[in-house]
Amino acid sequence: MNLMCLNCRGCGRPEAVREFRNIAELHCPKVLFLTETKMGARKVETELRARLGYPNAFGVNCVGLSGGLALLWSNEVVVDLKTYSKNHIDVWVTEDRGLGQQWCFTGFYGDPSRSRRKESWRLLKFLRNASNLPRLCGGDFNEVLDIMNR
């Protein structure tokens, strides 16, 4: 099972989408999580999904010209959406077309505003306690940049 998380800083330019598709074709992730799509959910679930070659997608709207999340997945896994917000998509993933191991994935986008970061971490703690299944959390936590800027 392979999964990939990318901060795409916008999926509106055709050359950016071509690059993401090349990366996806090279690594063949069964699940692809994108942050900062700068797109509406409907556009993610129709246009971006098709352009990246995935049969399934779920999007979270951007806010103005920032943010936006996308979760795309192949037919080799079953994805069951549990919760979402502008900062996360939380799903249960079942491998091998629904017959294999089940686990949780949280695609996460930490709030870029330092004053709201504690809320982001509280969300992760809450989600951690929502299930006893194994959990993988990936995405853009917006913490490394913060540490580097101190």
# chains A, B, ... in the order shown; residues from 1 in each chain; ligands from 1
>>> residues_around(residues="stretch 43-52 of chain A", least_positions_apart="6", cutoff="7 Å", atoms="only C-alpha atoms", output="ChimeraX atom specification")
/A:21,58-59,70,72
>>> residues_around(residues="stretch 110-117 of chain A", least_positions_apart="3", cutoff="7 Å", atoms="only C-alpha atoms", output="NGL selection string")
:A and (87 or 120-121 or 140-142)
>>> residues_around(residues="A:Phe20", least_positions_apart="4", cutoff="10 Å", atoms="only C-alpha atoms", output="PyMOL selection string")
chain A and resi 6+8+11+14-16+24-26+34+51-52
>>> residues_around(residues="A:Tyr84", least_positions_apart="3", cutoff="10 Å", atoms="only C-alpha atoms", output="NGL selection string")
:A and (58-60 or 69 or 81 or 87-91 or 106-108)
>>> write_last_selection(atoms="N, CA, C and O atoms", output="CSV table (one decimal), in the first residue's frame")
chain,number,residue,atom,x,y,z
A,58,PHE,N,-12.5,13.3,-3.2
A,58,PHE,CA,-13.3,14.1,-2.3
A,58,PHE,C,-12.5,15.4,-2.1
A,58,PHE,O,-11.3,15.4,-1.8
A,59,GLY,N,-13.2,16.5,-2.2
A,59,GLY,CA,-12.5,17.8,-2.0
A,59,GLY,C,-13.1,18.6,-0.9
A,59,GLY,O,-14.3,18.5,-0.6
A,60,VAL,N,-12.3,19.5,-0.4
A,60,VAL,CA,-12.8,20.5,0.6
A,60,VAL,C,-12.5,21.9,0.0
A,60,VAL,O,-11.4,22.1,-0.5
A,69,LEU,N,-8.4,21.3,0.0
A,69,LEU,CA,-7.9,19.9,0.2
A,69,LEU,C,-8.5,19.0,-0.8
A,69,LEU,O,-9.6,19.2,-1.2
A,81,LEU,N,-15.4,8.1,4.3
A,81,LEU,CA,-15.2,9.4,4.8
A,81,LEU,C,-15.8,9.5,6.2
A,81,LEU,O,-17.0,9.1,6.4
A,87,ASN,N,-9.2,22.1,7.5
A,87,ASN,CA,-7.9,21.7,7.9
A,87,ASN,C,-7.7,20.2,7.8
A,87,ASN,O,-6.5,19.7,8.2
A,88,HIS,N,-8.7,19.4,7.5
A,88,HIS,CA,-8.4,17.9,7.5
A,88,HIS,C,-9.5,17.2,6.7
A,88,HIS,O,-10.6,17.7,6.5
A,89,ILE,N,-9.1,16.0,6.3
A,89,ILE,CA,-10.0,15.0,5.8
A,89,ILE,C,-9.6,13.7,6.6
A,89,ILE,O,-8.5,13.2,6.5
A,90,ASP,N,-10.6,13.1,7.3
A,90,ASP,CA,-10.4,11.9,8.0
A,90,ASP,C,-11.2,10.7,7.4
A,90,ASP,O,-12.4,10.9,7.3
A,91,VAL,N,-10.5,9.7,7.1
A,91,VAL,CA,-11.2,8.5,6.4
A,91,VAL,C,-10.7,7.2,7.0
A,91,VAL,O,-9.6,7.1,7.7
A,106,THR,N,-5.6,10.4,8.2
A,106,THR,CA,-6.0,11.8,8.4
A,106,THR,C,-5.1,12.7,7.5
A,106,THR,O,-3.9,12.7,7.8
A,107,GLY,N,-5.6,13.3,6.5
A,107,GLY,CA,-4.9,14.2,5.7
A,107,GLY,C,-5.1,15.6,6.4
A,107,GLY,O,-6.2,16.0,6.7
A,108,PHE,N,-3.9,16.2,6.7
A,108,PHE,CA,-4.0,17.3,7.6
A,108,PHE,C,-3.3,18.6,7.0
A,108,PHE,O,-2.3,18.4,6.3
>>> select_by_dssp(residues="stretch 53-149 of chain A", states="strand (DSSP E or B)", output="PyMOL selection string")
chain A and resi 56-60+63+66+69-73+78-85+88-94+102-109+135-140
>>> decode(residues="stretch 78-98 of chain A", atoms="N, CA and C atoms", output="PDB file, in the first residue's frame")
ATOM      1  N   VAL A  78     -10.918   0.890  -0.526  1.00  0.00           N
ATOM      2  CA  VAL A  78     -12.227   1.454  -0.199  1.00  0.00           C
ATOM      3  C   VAL A  78     -11.976   2.546   0.823  1.00  0.00           C
ATOM      4  N   VAL A  79     -12.508   3.726   0.563  1.00  0.00           N
ATOM      5  CA  VAL A  79     -12.332   4.863   1.457  1.00  0.00           C
ATOM      6  C   VAL A  79     -13.697   5.263   2.012  1.00  0.00           C
ATOM      7  N   ASP A  80     -13.765   5.337   3.335  1.00  0.00           N
ATOM      8  CA  ASP A  80     -15.002   5.698   4.030  1.00  0.00           C
ATOM      9  C   ASP A  80     -14.760   7.027   4.761  1.00  0.00           C
ATOM     10  N   LEU A  81     -15.359   8.096   4.253  1.00  0.00           N
ATOM     11  CA  LEU A  81     -15.186   9.423   4.831  1.00  0.00           C
ATOM     12  C   LEU A  81     -15.825   9.480   6.215  1.00  0.00           C
ATOM     13  N   LYS A  82     -15.057   9.968   7.195  1.00  0.00           N
ATOM     14  CA  LYS A  82     -15.572  10.103   8.561  1.00  0.00           C
ATOM     15  C   LYS A  82     -15.842  11.569   8.904  1.00  0.00           C
ATOM     16  N   THR A  83     -14.834  12.434   8.801  1.00  0.00           N
ATOM     17  CA  THR A  83     -15.027  13.855   9.086  1.00  0.00           C
ATOM     18  C   THR A  83     -14.112  14.673   8.185  1.00  0.00           C
ATOM     19  N   TYR A  84     -14.453  15.949   8.061  1.00  0.00           N
ATOM     20  CA  TYR A  84     -13.591  16.859   7.307  1.00  0.00           C
ATOM     21  C   TYR A  84     -13.846  18.291   7.766  1.00  0.00           C
ATOM     22  N   SER A  85     -12.868  19.131   7.490  1.00  0.00           N
ATOM     23  CA  SER A  85     -12.963  20.566   7.740  1.00  0.00           C
ATOM     24  C   SER A  85     -11.993  21.235   6.777  1.00  0.00           C
ATOM     25  N   LYS A  86     -11.829  22.539   6.900  1.00  0.00           N
ATOM     26  CA  LYS A  86     -10.867  23.221   6.028  1.00  0.00           C
ATOM     27  C   LYS A  86      -9.437  22.798   6.338  1.00  0.00           C
ATOM     28  N   ASN A  87      -9.234  22.091   7.477  1.00  0.00           N
ATOM     29  CA  ASN A  87      -7.894  21.674   7.890  1.00  0.00           C
ATOM     30  C   ASN A  87      -7.655  20.174   7.848  1.00  0.00           C
ATOM     31  N   HIS A  88      -8.660  19.376   7.519  1.00  0.00           N
ATOM     32  CA  HIS A  88      -8.413  17.932   7.529  1.00  0.00           C
ATOM     33  C   HIS A  88      -9.455  17.165   6.724  1.00  0.00           C
ATOM     34  N   ILE A  89      -9.068  15.968   6.335  1.00  0.00           N
ATOM     35  CA  ILE A  89      -9.977  14.951   5.816  1.00  0.00           C
ATOM     36  C   ILE A  89      -9.624  13.675   6.562  1.00  0.00           C
ATOM     37  N   ASP A  90     -10.593  13.096   7.253  1.00  0.00           N
ATOM     38  CA  ASP A  90     -10.356  11.886   8.038  1.00  0.00           C
ATOM     39  C   ASP A  90     -11.172  10.747   7.445  1.00  0.00           C
ATOM     40  N   VAL A  91     -10.496   9.658   7.095  1.00  0.00           N
ATOM     41  CA  VAL A  91     -11.152   8.526   6.445  1.00  0.00           C
ATOM     42  C   VAL A  91     -10.677   7.207   7.048  1.00  0.00           C
ATOM     43  N   TRP A  92     -11.471   6.181   6.814  1.00  0.00           N
ATOM     44  CA  TRP A  92     -11.029   4.815   7.067  1.00  0.00           C
ATOM     45  C   TRP A  92     -10.719   4.220   5.710  1.00  0.00           C
ATOM     46  N   VAL A  93      -9.578   3.585   5.603  1.00  0.00           N
ATOM     47  CA  VAL A  93      -9.125   2.971   4.355  1.00  0.00           C
ATOM     48  C   VAL A  93      -9.125   1.459   4.546  1.00  0.00           C
ATOM     49  N   THR A  94      -9.718   0.755   3.594  1.00  0.00           N
ATOM     50  CA  THR A  94      -9.662  -0.703   3.596  1.00  0.00           C
ATOM     51  C   THR A  94      -8.948  -1.132   2.325  1.00  0.00           C
ATOM     52  N   GLU A  95      -7.860  -1.851   2.504  1.00  0.00           N
ATOM     53  CA  GLU A  95      -7.036  -2.262   1.374  1.00  0.00           C
ATOM     54  C   GLU A  95      -7.666  -3.432   0.613  1.00  0.00           C
ATOM     55  N   ASP A  96      -7.081  -3.748  -0.532  1.00  0.00           N
ATOM     56  CA  ASP A  96      -7.476  -4.887  -1.373  1.00  0.00           C
ATOM     57  C   ASP A  96      -8.967  -4.905  -1.677  1.00  0.00           C
ATOM     58  N   ARG A  97      -9.441  -3.755  -2.185  1.00  0.00           N
ATOM     59  CA  ARG A  97     -10.842  -3.613  -2.623  1.00  0.00           C
ATOM     60  C   ARG A  97     -11.842  -3.938  -1.506  1.00  0.00           C
ATOM     61  N   GLY A  98     -11.479  -3.597  -0.315  1.00  0.00           N
ATOM     62  CA  GLY A  98     -12.387  -3.781   0.812  1.00  0.00           C
ATOM     63  C   GLY A  98     -12.240  -5.091   1.539  1.00  0.00           C
TER      64      GLY A  98
END
